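Colleague: What follows is the file final-v2.txt, containing compact mmCIF, C-alpha atoms:
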# COMPACT_ATOMS: atom_id res chain seq x y z
CA MET A 1 -3.38 -52.28 -69.51
CA ILE A 2 -0.26 -51.42 -67.42
CA ASN A 3 2.73 -53.64 -68.26
CA GLU A 4 4.46 -54.33 -64.94
CA ARG A 5 7.67 -55.39 -66.78
CA GLU A 6 7.90 -52.06 -68.60
CA CYS A 7 6.67 -49.94 -65.66
CA PRO A 8 7.23 -51.52 -62.24
CA ILE A 9 4.38 -50.99 -59.72
CA LEU A 10 5.60 -49.45 -56.47
CA THR A 11 3.89 -49.04 -53.14
CA VAL A 12 3.30 -45.64 -51.60
CA SER A 13 5.92 -46.41 -48.97
CA GLN A 14 8.47 -47.35 -51.62
CA ILE A 15 7.90 -44.13 -53.50
CA THR A 16 8.12 -42.06 -50.33
CA GLN A 17 11.28 -43.82 -49.25
CA TYR A 18 12.79 -43.28 -52.68
CA ILE A 19 12.02 -39.55 -52.60
CA LYS A 20 13.39 -39.33 -49.06
CA ALA A 21 16.60 -41.01 -50.24
CA MET A 22 16.83 -38.49 -53.06
CA PHE A 23 16.69 -35.62 -50.54
CA ALA A 24 19.26 -37.37 -48.36
CA SER A 25 21.69 -37.71 -51.26
CA ASP A 26 21.37 -34.07 -52.31
CA VAL A 27 24.07 -32.08 -50.55
CA LEU A 28 22.27 -28.78 -51.22
CA VAL A 29 19.15 -29.61 -49.19
CA GLN A 30 21.08 -31.35 -46.38
CA SER A 31 22.56 -28.03 -45.25
CA ILE A 32 20.32 -25.23 -46.41
CA THR A 33 19.44 -21.74 -45.22
CA VAL A 34 15.91 -20.48 -45.81
CA ARG A 35 14.40 -17.03 -45.41
CA GLY A 36 10.65 -16.78 -44.70
CA GLU A 37 7.81 -15.61 -42.47
CA ILE A 38 6.56 -17.78 -39.61
CA SER A 39 2.88 -18.78 -39.56
CA ASN A 40 0.74 -21.55 -38.01
CA LEU A 41 3.17 -21.78 -35.07
CA VAL A 42 2.36 -24.63 -32.67
CA GLU A 43 4.37 -25.97 -29.72
CA ARG A 44 3.69 -29.57 -28.80
CA GLY A 45 5.64 -32.09 -26.73
CA GLY A 46 8.57 -29.72 -26.36
CA HIS A 47 8.89 -29.39 -30.16
CA MET A 48 7.78 -26.45 -32.31
CA TYR A 49 5.96 -26.82 -35.61
CA MET A 50 5.44 -24.02 -38.11
CA THR A 51 5.08 -22.96 -41.70
CA LEU A 52 7.61 -20.75 -43.46
CA LYS A 53 6.16 -18.72 -46.29
CA ASP A 54 6.90 -15.97 -48.78
CA GLU A 55 4.84 -14.37 -51.54
CA GLY A 56 4.83 -17.49 -53.73
CA ALA A 57 5.10 -20.63 -51.61
CA VAL A 58 5.08 -22.30 -48.21
CA ILE A 59 7.15 -25.04 -46.60
CA LYS A 60 6.45 -27.01 -43.42
CA ALA A 61 9.14 -26.79 -40.74
CA VAL A 62 9.89 -28.22 -37.32
CA ILE A 63 12.36 -27.45 -34.52
CA PHE A 64 12.94 -30.38 -32.20
CA LYS A 65 13.37 -29.82 -28.48
CA ALA A 66 17.16 -30.27 -28.51
CA SER A 67 17.54 -27.37 -30.96
CA LEU A 68 14.71 -25.29 -29.47
CA VAL A 69 16.33 -24.97 -26.03
CA ARG A 70 19.42 -23.43 -27.63
CA LEU A 71 17.47 -20.53 -29.11
CA LYS A 72 18.02 -17.18 -27.41
CA PHE A 73 14.58 -15.88 -28.42
CA ARG A 74 11.03 -17.16 -28.78
CA PRO A 75 9.76 -17.58 -32.36
CA GLU A 76 6.42 -15.86 -33.01
CA ASN A 77 3.87 -15.80 -35.79
CA ASN A 78 4.47 -13.17 -38.51
CA MET A 79 8.17 -12.99 -37.57
CA ASN A 80 10.60 -12.87 -40.49
CA VAL A 81 13.40 -15.34 -39.81
CA VAL A 82 16.42 -17.00 -41.36
CA ALA A 83 16.43 -20.77 -40.70
CA HIS A 84 19.18 -23.30 -41.20
CA GLY A 85 18.63 -27.03 -41.40
CA ARG A 86 17.94 -29.90 -43.78
CA ILE A 87 15.01 -30.89 -45.96
CA SER A 88 13.58 -34.40 -45.76
CA VAL A 89 10.32 -36.26 -46.20
CA TYR A 90 8.02 -37.11 -43.33
CA GLU A 91 6.78 -40.51 -44.48
CA GLN A 92 3.54 -40.63 -42.46
CA SER A 93 2.18 -37.52 -44.18
CA GLY A 94 4.13 -37.80 -47.40
CA GLN A 95 5.21 -34.17 -47.06
CA TYR A 96 8.66 -32.75 -47.31
CA GLN A 97 9.60 -30.32 -44.57
CA LEU A 98 12.49 -28.33 -43.18
CA TYR A 99 14.12 -29.70 -40.05
CA ILE A 100 15.55 -26.56 -38.38
CA ASP A 101 18.66 -26.67 -36.21
CA MET A 102 19.37 -22.91 -36.08
CA LEU A 103 16.98 -19.96 -36.28
CA GLU A 104 17.52 -16.21 -36.11
CA PRO A 105 15.24 -13.20 -36.58
CA GLU A 106 15.90 -11.47 -39.86
CA GLY A 107 17.44 -8.01 -39.62
CA ILE A 108 18.21 -8.32 -35.88
CA GLY A 109 20.36 -10.72 -33.92
CA ALA A 110 18.80 -13.51 -31.89
CA LEU A 111 20.17 -12.06 -28.65
CA ALA A 112 18.79 -8.62 -29.40
CA LYS A 113 15.39 -10.11 -30.22
CA ALA A 114 15.39 -12.23 -27.08
CA TYR A 115 16.35 -9.18 -25.03
CA GLU A 116 13.45 -7.15 -26.44
CA GLN A 117 10.95 -9.98 -25.95
CA LEU A 118 11.92 -10.50 -22.31
CA ARG A 119 11.98 -6.78 -21.62
CA LYS A 120 8.39 -6.36 -22.88
CA LYS A 121 7.22 -9.46 -21.01
CA LEU A 122 8.58 -8.41 -17.62
CA GLU A 123 7.50 -4.81 -18.12
CA SER A 124 3.92 -5.94 -18.79
CA GLU A 125 4.02 -7.87 -15.50
CA GLY A 126 4.95 -4.70 -13.61
CA LEU A 127 8.45 -5.80 -12.59
CA PHE A 128 9.90 -2.48 -13.76
CA ASP A 129 7.38 -0.28 -11.90
CA ARG A 130 8.88 2.45 -9.72
CA SER A 131 6.28 1.73 -7.03
CA ARG A 132 7.96 -1.58 -6.18
CA LYS A 133 11.47 -0.15 -5.93
CA LYS A 134 12.97 -0.29 -2.42
CA ALA A 135 14.93 2.60 -0.93
CA LEU A 136 18.61 2.12 -0.22
CA PRO A 137 19.71 2.27 3.45
CA LYS A 138 21.27 5.59 4.46
CA ILE A 139 24.21 4.09 6.35
CA PRO A 140 24.64 0.36 5.60
CA LYS A 141 26.81 -1.73 7.89
CA ARG A 142 27.41 -4.58 5.43
CA ILE A 143 27.36 -4.61 1.64
CA GLY A 144 26.97 -7.81 -0.36
CA VAL A 145 28.72 -7.91 -3.74
CA ILE A 146 27.88 -10.61 -6.30
CA THR A 147 30.52 -10.67 -9.00
CA SER A 148 33.69 -12.39 -10.14
CA PRO A 149 36.34 -12.05 -7.41
CA ALA A 150 39.04 -12.01 -10.10
CA GLY A 151 37.58 -9.15 -12.14
CA ALA A 152 38.60 -5.51 -12.16
CA ALA A 153 35.08 -4.55 -11.03
CA VAL A 154 35.52 -5.96 -7.53
CA ARG A 155 38.85 -4.16 -7.06
CA ASP A 156 37.24 -0.89 -8.12
CA MET A 157 34.43 -1.36 -5.61
CA ILE A 158 36.85 -2.21 -2.80
CA ASN A 159 38.79 0.99 -3.51
CA VAL A 160 35.66 3.16 -3.61
CA LEU A 161 34.15 1.68 -0.44
CA GLY A 162 37.45 2.00 1.42
CA ARG A 163 37.77 5.62 0.42
CA ARG A 164 34.17 6.73 0.95
CA PHE A 165 33.07 4.73 4.00
CA PRO A 166 35.61 2.30 5.47
CA LEU A 167 33.27 1.44 8.35
CA ALA A 168 31.11 -0.63 6.00
CA GLU A 169 31.99 -4.30 5.69
CA MET A 170 32.09 -5.76 2.16
CA ILE A 171 31.00 -9.40 1.73
CA ILE A 172 31.74 -10.96 -1.67
CA PHE A 173 29.71 -13.82 -3.12
CA PRO A 174 31.95 -15.21 -5.88
CA SER A 175 30.14 -15.93 -9.14
CA LEU A 176 30.71 -16.36 -12.82
CA VAL A 177 29.57 -13.29 -14.74
CA GLN A 178 29.68 -14.79 -18.23
CA GLY A 179 28.68 -18.10 -19.78
CA GLU A 180 25.83 -20.57 -19.44
CA ASP A 181 26.35 -21.23 -15.71
CA ALA A 182 26.61 -17.55 -14.76
CA PRO A 183 22.86 -16.75 -14.38
CA LYS A 184 22.36 -19.64 -11.97
CA GLN A 185 25.32 -18.62 -9.80
CA LEU A 186 24.30 -14.95 -9.80
CA ALA A 187 20.75 -15.88 -8.71
CA SER A 188 22.21 -18.12 -5.99
CA GLY A 189 24.07 -15.12 -4.60
CA VAL A 190 20.87 -13.07 -4.37
CA ARG A 191 19.05 -15.92 -2.63
CA TYR A 192 21.97 -16.49 -0.24
CA PHE A 193 22.04 -12.91 1.01
CA ASN A 194 18.24 -12.86 1.38
CA ARG A 195 18.26 -16.15 3.27
CA THR A 196 21.07 -15.22 5.68
CA ARG A 197 20.11 -11.56 6.06
CA SER A 198 23.84 -10.87 6.33
CA VAL A 199 23.90 -7.59 4.38
CA ASP A 200 21.92 -4.36 4.18
CA VAL A 201 22.28 -3.79 0.42
CA ILE A 202 23.40 -5.92 -2.54
CA ILE A 203 25.49 -4.92 -5.56
CA ILE A 204 25.34 -7.28 -8.53
CA GLY A 205 27.39 -6.62 -11.63
CA ARG A 206 30.49 -6.81 -13.75
CA GLY A 207 32.53 -4.70 -16.11
CA GLY A 208 31.43 -3.81 -19.61
CA GLY A 209 31.43 -5.99 -22.69
CA SER A 210 29.48 -7.00 -25.76
CA LEU A 211 25.86 -8.12 -25.71
CA GLU A 212 27.07 -11.70 -25.63
CA ASP A 213 29.40 -10.96 -22.70
CA LEU A 214 26.60 -9.36 -20.67
CA TRP A 215 23.96 -11.91 -21.62
CA ALA A 216 23.97 -13.64 -18.22
CA PHE A 217 22.34 -10.49 -16.78
CA ASN A 218 19.47 -10.81 -19.29
CA ASP A 219 18.39 -14.19 -17.92
CA GLU A 220 14.70 -14.39 -17.00
CA ASN A 221 15.20 -16.49 -13.85
CA LEU A 222 17.88 -14.07 -12.59
CA ALA A 223 15.60 -11.12 -13.34
CA ARG A 224 12.75 -12.62 -11.32
CA THR A 225 15.10 -13.50 -8.45
CA VAL A 226 16.37 -9.91 -8.31
CA ALA A 227 12.82 -8.53 -8.46
CA ALA A 228 11.75 -10.80 -5.56
CA SER A 229 14.67 -9.78 -3.31
CA GLU A 230 13.66 -8.26 0.03
CA ILE A 231 17.08 -6.61 0.31
CA PRO A 232 17.63 -3.54 -1.93
CA ILE A 233 19.74 -4.35 -4.99
CA ILE A 234 21.94 -2.07 -7.09
CA SER A 235 22.61 -3.35 -10.60
CA ALA A 236 26.01 -2.37 -11.96
CA VAL A 237 26.42 -4.13 -15.28
CA GLY A 238 28.67 -2.82 -18.02
CA HIS A 239 29.50 0.72 -18.96
CA GLU A 240 27.16 3.69 -18.93
CA SER A 241 25.60 2.98 -22.34
CA ASP A 242 24.87 -0.70 -21.60
CA PHE A 243 21.46 -1.71 -20.20
CA THR A 244 20.46 -5.21 -19.15
CA ILE A 245 17.20 -6.71 -17.88
CA CYS A 246 18.84 -6.86 -14.45
CA ASP A 247 19.14 -3.05 -14.54
CA PHE A 248 15.39 -2.66 -15.04
CA VAL A 249 14.23 -5.03 -12.25
CA SER A 250 16.74 -3.90 -9.61
CA ASP A 251 15.95 -1.13 -7.13
CA MET A 252 18.64 1.16 -8.54
CA ARG A 253 20.86 1.08 -11.61
CA ALA A 254 24.46 2.28 -11.60
CA PRO A 255 26.35 2.83 -14.87
CA THR A 256 29.50 1.14 -13.51
CA PRO A 257 30.50 -1.01 -10.49
CA SER A 258 32.44 1.96 -9.08
CA ALA A 259 29.35 4.15 -9.32
CA ALA A 260 27.33 1.42 -7.57
CA ALA A 261 29.78 1.49 -4.66
CA GLU A 262 29.38 5.26 -4.42
CA LEU A 263 25.60 4.92 -4.36
CA ALA A 264 25.68 2.21 -1.71
CA VAL A 265 27.46 4.17 1.03
CA PRO A 266 27.66 7.80 2.15
CA ASP A 267 30.86 9.78 1.70
CA ARG A 268 32.80 9.85 4.96
CA SER A 269 33.95 13.45 4.56
CA GLU A 270 30.44 14.62 3.66
CA LEU A 271 29.02 12.70 6.62
CA LEU A 272 31.56 14.21 9.02
CA SER A 273 30.81 17.65 7.62
CA TYR A 274 27.09 17.08 8.09
CA ILE A 275 27.62 15.88 11.66
CA SER A 276 29.79 18.92 12.43
CA SER A 277 27.20 21.25 10.92
CA ALA A 278 24.37 19.53 12.76
CA SER A 279 26.32 19.75 16.02
CA ALA A 280 26.86 23.47 15.51
CA ARG A 281 23.17 24.00 14.75
CA LEU A 282 22.21 21.98 17.84
CA THR A 283 24.60 23.98 20.04
CA ALA A 284 23.20 27.25 18.70
CA ALA A 285 19.65 26.06 19.21
CA LEU A 286 20.37 25.03 22.81
CA ALA A 287 22.05 28.37 23.53
CA SER A 288 19.03 30.20 22.11
CA ASP A 289 16.64 28.09 24.20
CA LEU A 290 18.70 28.71 27.35
CA LYS A 291 18.73 32.45 26.71
CA LYS A 292 14.99 32.47 26.18
CA ALA A 293 14.41 30.41 29.33
CA LYS A 294 16.65 32.75 31.35
CA GLY A 295 14.67 35.76 30.13
CA GLU A 296 11.40 34.12 31.11
CA LEU A 297 12.84 33.23 34.54
CA ASP A 298 13.98 36.83 35.12
CA LEU A 299 10.51 38.05 34.14
CA LEU A 300 8.85 35.67 36.58
CA ARG A 301 11.32 36.61 39.31
CA SER A 302 10.38 40.31 38.96
CA ARG A 303 6.66 39.70 39.47
CA ARG A 304 5.03 40.86 42.75
CA VAL A 305 3.58 37.45 43.54
CA LEU A 306 7.08 36.04 43.87
CA ARG A 307 8.58 39.10 45.58
CA SER A 308 5.75 39.59 48.20
CA PRO A 309 3.50 36.52 48.22
CA GLY A 310 2.00 37.55 51.61
CA ALA A 311 0.81 40.90 50.28
CA VAL A 312 -0.73 39.24 47.27
CA LEU A 313 -2.53 36.76 49.53
CA ASP A 314 -3.83 39.63 51.74
CA ASP A 315 -5.24 41.33 48.66
CA LYS A 316 -6.88 38.12 47.58
CA ASN A 317 -8.35 37.56 51.06
CA MET A 318 -9.80 41.08 51.16
CA ARG A 319 -11.30 40.61 47.76
CA LEU A 320 -12.75 37.27 48.85
CA LEU A 321 -14.31 38.88 51.96
CA HIS A 322 -15.76 41.67 49.86
CA ILE A 323 -17.26 39.18 47.42
CA THR A 324 -18.59 37.12 50.36
CA ASP A 325 -20.29 40.18 51.94
CA ARG A 326 -21.85 41.13 48.62
CA ALA A 327 -23.07 37.60 48.11
CA HIS A 328 -24.54 37.47 51.66
CA SER A 329 -26.33 40.79 51.21
CA SER A 330 -27.68 39.76 47.84
CA TYR A 331 -28.83 36.45 49.27
CA SER A 332 -30.56 38.09 52.29
CA ALA A 333 -32.36 40.55 50.03
CA LEU A 334 -33.41 37.76 47.69
CA VAL A 335 -34.75 35.69 50.61
CA ALA A 336 -36.68 38.68 52.01
CA ASN A 337 -38.24 39.37 48.62
CA LYS A 338 -39.21 35.75 48.15
CA ARG A 339 -40.68 35.61 51.69
CA ALA A 340 -42.79 38.70 51.13
CA GLU A 341 -43.99 37.34 47.80
CA PHE A 342 -44.82 34.02 49.44
CA LEU A 343 -46.84 35.65 52.24
CA LYS A 344 -48.72 37.70 49.69
CA ASN A 345 -49.66 34.59 47.75
CA VAL A 346 -50.68 32.83 50.97
CA SER A 347 -53.03 35.70 51.79
CA LYS A 348 -54.60 35.42 48.36
CA LEU A 349 -55.08 31.71 48.76
CA GLU A 350 -56.63 32.15 52.23
CA ALA A 351 -59.05 34.66 50.83
CA LEU A 352 -60.16 32.15 48.26
CA ASP A 353 -60.23 29.17 50.64
CA PRO A 354 -63.86 28.15 51.49
CA LEU A 355 -62.71 26.80 54.85
CA SER A 356 -61.39 30.23 55.72
CA VAL A 357 -64.85 31.65 55.00
CA MET A 358 -66.39 29.06 57.28
CA THR A 359 -64.28 30.23 60.23
CA ARG A 360 -66.16 33.48 60.01
CA GLY A 361 -69.54 31.69 60.72
CA PHE A 362 -70.48 30.52 57.23
CA SER A 363 -71.43 26.94 56.33
CA VAL A 364 -72.08 24.90 53.17
CA ALA A 365 -75.13 22.66 52.70
CA PHE A 366 -75.01 19.40 50.69
CA ASP A 367 -78.02 17.32 49.66
CA GLU A 368 -78.30 13.58 50.11
CA LYS A 369 -76.38 13.05 46.86
CA GLY A 370 -73.46 15.20 48.03
CA SER A 371 -74.25 18.12 45.73
CA VAL A 372 -73.99 21.68 46.97
CA VAL A 373 -77.38 23.22 47.78
CA ARG A 374 -77.45 26.55 46.01
CA SER A 375 -81.19 27.22 45.93
CA VAL A 376 -84.31 26.33 47.91
CA THR A 377 -85.41 24.52 44.78
CA ASP A 378 -82.56 22.01 45.17
CA VAL A 379 -84.27 20.30 48.19
CA ASN A 380 -87.71 19.46 49.49
CA ALA A 381 -89.23 19.53 52.93
CA GLY A 382 -88.28 16.40 54.84
CA ASP A 383 -84.98 15.89 52.93
CA MET A 384 -81.87 15.21 54.89
CA ILE A 385 -79.06 17.69 54.35
CA ASP A 386 -75.45 17.87 55.47
CA LEU A 387 -74.21 21.19 56.85
CA ARG A 388 -70.47 21.54 56.72
CA VAL A 389 -69.04 24.03 59.21
CA SER A 390 -65.47 24.98 60.05
CA ASP A 391 -64.99 22.22 62.61
CA GLY A 392 -67.21 19.41 61.26
CA ASN A 393 -70.58 18.35 59.74
CA ILE A 394 -74.16 18.75 60.99
CA LYS A 395 -76.92 16.35 59.87
CA ALA A 396 -80.29 18.12 59.58
CA ARG A 397 -83.72 17.58 58.13
CA VAL A 398 -85.52 20.24 56.09
CA CYS A 399 -88.67 21.29 57.96
CA ALA A 400 -89.79 24.04 55.61
CA LEU A 401 -88.58 26.00 52.59
CA GLU A 402 -88.95 29.74 52.26
CA LYS A 403 -87.99 31.83 49.25
CA GLU A 404 -86.78 35.42 49.50
CA ASN A 405 -90.22 36.83 48.66
CA GLY A 406 -91.45 35.33 51.97
CA ARG A 407 -93.62 32.66 50.50
CA LYS A 408 -93.29 29.11 51.69
CA LYS A 409 -92.70 26.32 49.26
What is this structure when it is put down as structure tokens?
Modeller:
Amino acid sequence: MINERECPILTVSQITQYIKAMFASDVLVQSITVRGEISNLVERGGHMYMTLKDEGAVIKAVIFKASLVRLKFRPENNMNVVAHGRISVYEQSGQYQLYIDMLEPEGIGALAKAYEQLRKKLESEGLFDRSRKKALPKIPKRIGVITSPAGAAVRDMINVLGRRFPLAEMIIFPSLVQGEDAPKQLASGVRYFNRTRSVDVIIIGRGGGSLEDLWAFNDENLARTVAASEIPIISAVGHESDFTICDFVSDMRAPTPSAAAELAVPDRSELLSYISSASARLTAALASDLKKAKGELDLLRSRRVLRSPGAVLDDKNMRLLHITDRAHSSYSALVANKRAEFLKNVSKLEALDPLSVMTRGFSVAFDEKGSVVRSVTDVNAGDMIDLRVSDGNIKARVCALEKENGRKK
């Protein structure tokens, strides 16, 4: 039997609280760094729950919302990470777990990992596709520049634009280019120029720097704002070897702000040279056309119809009379032939016409039924017959019938 005096009986809560107090008093586990692989990752209520594991053990872990929003990347399952935080006991489940306040991918910086994650995400959505890139205007009137007005980049762009194409007006939208507030201000500049339609092309950028310095141009909201712009955008962030997400979603990428200014406007000397060359080609083309037209005019002027129009008309009239005479002769001959053919056919028809035969003293006899009497056998004595002659009918009665052999019927 358990002796309560020798071995005090504790509740589950008391034991859990005691163990939790032990963890709280241990300096080692109150600020500890742990290496492990993420699994069973779940995000709920703005917090992120996971398990960190290695070959021999696992430990539960949680990142509360306040720490999660400070992460530069998104934790994923099977990702090897280094986590910093404290270990304590969660009394409701009786489990100890790691409460993470900082987390970084192992072997690669958090910023580099976040950059790669966002790059793959936006690329899969098609925001980098060449088909959606807009062409830059050939001769822009106004150029919008979103950058820090105090930086060297803006002075470089002013110099380049003034040298290459001073007719273009440069409108600066002042913005931070580094720090937490920079992405929001940069995106506001893009939206401002699109809303006011005050420029023909936009340059967004800054001078070079470290990954941390350029991080504002890797912001997802800024990237989507640039991709949605209806005005062409040139991204000019950093030096030639530096690439940002803004470079990928913009319509054109320039290695430096100065190079962006060169891309935005034509070179004045080259444009003047082109205009001069085009003018010379146009003058030569007009001279050639005039020479050709003059030659054609001289050719027309030498033709007989223009030199002696009356003689040409006389020739045409004689030809018309000749054609008319030939047509009249052909028509008269055709009519004569058709008339002769018609008369010939009329004669044939008259020869076959029974009425024509009757005019020569013949008649046709019909019996009482209207049938032609062809033989003495077709009628009998006393029958009425109808004799049709050339000028009418004769009603007669048959008195007697006599065949050709002389015998009476």
Colleague: Can you measure atom CA of A:Arg253 to atom CA of A:Asp181 for me? One decimal in Å is fine.
Modeller: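 Separation between atom CA of A:Arg253 and atom CA of A:Asp181: 23.3 Å.
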Colleague: To one decimal place in Å, what is the distance between atom CA of A:Ile202 and atom CA of A:Ile233?
Modeller: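 Separation between atom CA of A:Ile202 and atom CA of A:Ile233: 4.7 Å.
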Colleague: Report the distance between atom CA of A:Gln30 and atom CA of A:Ile87 in Å, rounded to one decimal place.
Modeller: 6.1 Å
Colleague: Given all atoms listed in the file as the basis, pick out the residue of A:Met102, A:Leu10, A:Val389, A:Val379 nearest to A:Leu401.
Modeller: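 Ranking A:Met102, A:Leu10, A:Val389, A:Val379 by distance to A:Leu401, first place goes to A:Val379.
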Colleague: Go through stretch 85-150 of chain A residue by residue and, counting only C-alpha atoms, keep those with an atom at most 12 Å from stretch 58-79 of chain A; for each kept residue give the shortest atom pair and its distance in Å to one decimal, ordered by chain and increasing number, as JSON lines.
Modeller:
{"residue": "A:Gly85", "atom": "CA", "partner": "A:Ile63", "partner_atom": "CA", "distance": 9.3}
{"residue": "A:Arg86", "atom": "CA", "partner": "A:Ala61", "partner_atom": "CA", "distance": 9.8}
{"residue": "A:Ile87", "atom": "CA", "partner": "A:Ala61", "partner_atom": "CA", "distance": 8.9}
{"residue": "A:Ser88", "atom": "CA", "partner": "A:Ala61", "partner_atom": "CA", "distance": 10.1}
{"residue": "A:Val89", "atom": "CA", "partner": "A:Lys60", "partner_atom": "CA", "distance": 10.4}
{"residue": "A:Tyr90", "atom": "CA", "partner": "A:Lys60", "partner_atom": "CA", "distance": 10.2}
{"residue": "A:Ser93", "atom": "CA", "partner": "A:Lys60", "partner_atom": "CA", "distance": 11.4}
{"residue": "A:Gly94", "atom": "CA", "partner": "A:Lys60", "partner_atom": "CA", "distance": 11.7}
{"residue": "A:Gln95", "atom": "CA", "partner": "A:Lys60", "partner_atom": "CA", "distance": 8.1}
{"residue": "A:Tyr96", "atom": "CA", "partner": "A:Lys60", "partner_atom": "CA", "distance": 7.3}
{"residue": "A:Gln97", "atom": "CA", "partner": "A:Lys60", "partner_atom": "CA", "distance": 4.7}
{"residue": "A:Leu98", "atom": "CA", "partner": "A:Ala61", "partner_atom": "CA", "distance": 4.4}
{"residue": "A:Tyr99", "atom": "CA", "partner": "A:Val62", "partner_atom": "CA", "distance": 5.2}
{"residue": "A:Ile100", "atom": "CA", "partner": "A:Ile63", "partner_atom": "CA", "distance": 5.1}
{"residue": "A:Asp101", "atom": "CA", "partner": "A:Ser67", "partner_atom": "CA", "distance": 5.4}
{"residue": "A:Met102", "atom": "CA", "partner": "A:Ser67", "partner_atom": "CA", "distance": 7.0}
{"residue": "A:Leu103", "atom": "CA", "partner": "A:Leu71", "partner_atom": "CA", "distance": 7.2}
{"residue": "A:Glu104", "atom": "CA", "partner": "A:Leu71", "partner_atom": "CA", "distance": 8.2}
{"residue": "A:Pro105", "atom": "CA", "partner": "A:Met79", "partner_atom": "CA", "distance": 7.1}
{"residue": "A:Glu106", "atom": "CA", "partner": "A:Met79", "partner_atom": "CA", "distance": 8.2}
{"residue": "A:Gly107", "atom": "CA", "partner": "A:Met79", "partner_atom": "CA", "distance": 10.7}
{"residue": "A:Ile108", "atom": "CA", "partner": "A:Met79", "partner_atom": "CA", "distance": 11.2}
{"residue": "A:Gly109", "atom": "CA", "partner": "A:Lys72", "partner_atom": "CA", "distance": 9.5}
{"residue": "A:Ala110", "atom": "CA", "partner": "A:Lys72", "partner_atom": "CA", "distance": 5.8}
{"residue": "A:Leu111", "atom": "CA", "partner": "A:Lys72", "partner_atom": "CA", "distance": 5.7}
{"residue": "A:Ala112", "atom": "CA", "partner": "A:Phe73", "partner_atom": "CA", "distance": 8.4}
{"residue": "A:Lys113", "atom": "CA", "partner": "A:Phe73", "partner_atom": "CA", "distance": 6.1}
{"residue": "A:Ala114", "atom": "CA", "partner": "A:Phe73", "partner_atom": "CA", "distance": 4.0}
{"residue": "A:Tyr115", "atom": "CA", "partner": "A:Phe73", "partner_atom": "CA", "distance": 7.7}
{"residue": "A:Glu116", "atom": "CA", "partner": "A:Phe73", "partner_atom": "CA", "distance": 9.0}
{"residue": "A:Gln117", "atom": "CA", "partner": "A:Phe73", "partner_atom": "CA", "distance": 7.4}
{"residue": "A:Leu118", "atom": "CA", "partner": "A:Phe73", "partner_atom": "CA", "distance": 8.6}
{"residue": "A:Arg119", "atom": "CA", "partner": "A:Phe73", "partner_atom": "CA", "distance": 11.7}
{"residue": "A:Lys121", "atom": "CA", "partner": "A:Arg74", "partner_atom": "CA", "distance": 11.6}
Colleague: Would you kindly return, as a ChimeraX atom specification, each protein, DNA or RNA residue with an atom no farther than 9 Å from any atom of A:Ile231, considering only C-alpha atoms and excluding same-chain residues fewer than 6 positions away?
Modeller: /A:134,136,190,193-194,197,199-202
Colleague: So for stretch 185-201 of chain A, what box centre and size do we get, axis-aligned, 5 Å extra on each of the six sides, every listed atom, Å to one decimal, as AutoDock Vina command-line options?
Modeller:
--center_x 21.8 --center_y -11.2 --center_z -1.7 --size_x 17.1 --size_y 24.8 --size_z 26.1
Colleague: Could you list, as a VMD selection string, every residue within 7 Å of A:Ile234, counting all atoms listed in the file and ignoring same-chain residues fewer than 4 positions away?
Modeller: chain A and resid 202 to 204 250 to 254 260
Colleague: Which residues are close to A:Gly370, i.e. within 12 Å by all atoms listed in the file, leaving aside same-chain residues fewer than 2 positions away? Reply as a CSV table (one decimal) with C-alpha atoms, in the frame of the given file.
Modeller:
chain,number,residue,atom,x,y,z
A,364,VAL,CA,-72.1,24.9,53.2
A,365,ALA,CA,-75.1,22.7,52.7
A,366,PHE,CA,-75.0,19.4,50.7
A,367,ASP,CA,-78.0,17.3,49.7
A,368,GLU,CA,-78.3,13.6,50.1
A,372,VAL,CA,-74.0,21.7,47.0
A,373,VAL,CA,-77.4,23.2,47.8
A,378,ASP,CA,-82.6,22.0,45.2
A,379,VAL,CA,-84.3,20.3,48.2
A,384,MET,CA,-81.9,15.2,54.9
A,385,ILE,CA,-79.1,17.7,54.4
A,386,ASP,CA,-75.4,17.9,55.5
A,387,LEU,CA,-74.2,21.2,56.8
A,388,ARG,CA,-70.5,21.5,56.7
Colleague: Looking at A:Arg206, A:Lys291, A:Lys133, A:Lys120, which one is nearest to A:Ala152, with distances taken over only C-alpha atoms?
Modeller: A:Arg206
Colleague: For A:Asp219, which of A:Ala264, A:Leu122, A:Leu290, A:Ala381 is the closest residue, counting all atoms listed in the file?
Modeller: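 Smallest separation from A:Asp219 among the options: A:Leu122.
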Colleague: I want to know what sits within 9 Å of A:Ser269, based on all atoms listed in the file, with residues of the same chain fewer than 4 positions away left out; could you give that as a list in words?
Modeller: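 Answer for this query is Arg164, Phe165, Ser273 and Tyr274 of chain A.
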Colleague: Applying 7 Å and all atoms listed in the file, which residues near A:Ile171 remain after dropping the ones on its own chain fewer than 4 positions away? List them as a list in words.
Modeller: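 Returned residues: Ile143, Gly144 and Val145 of chain A.
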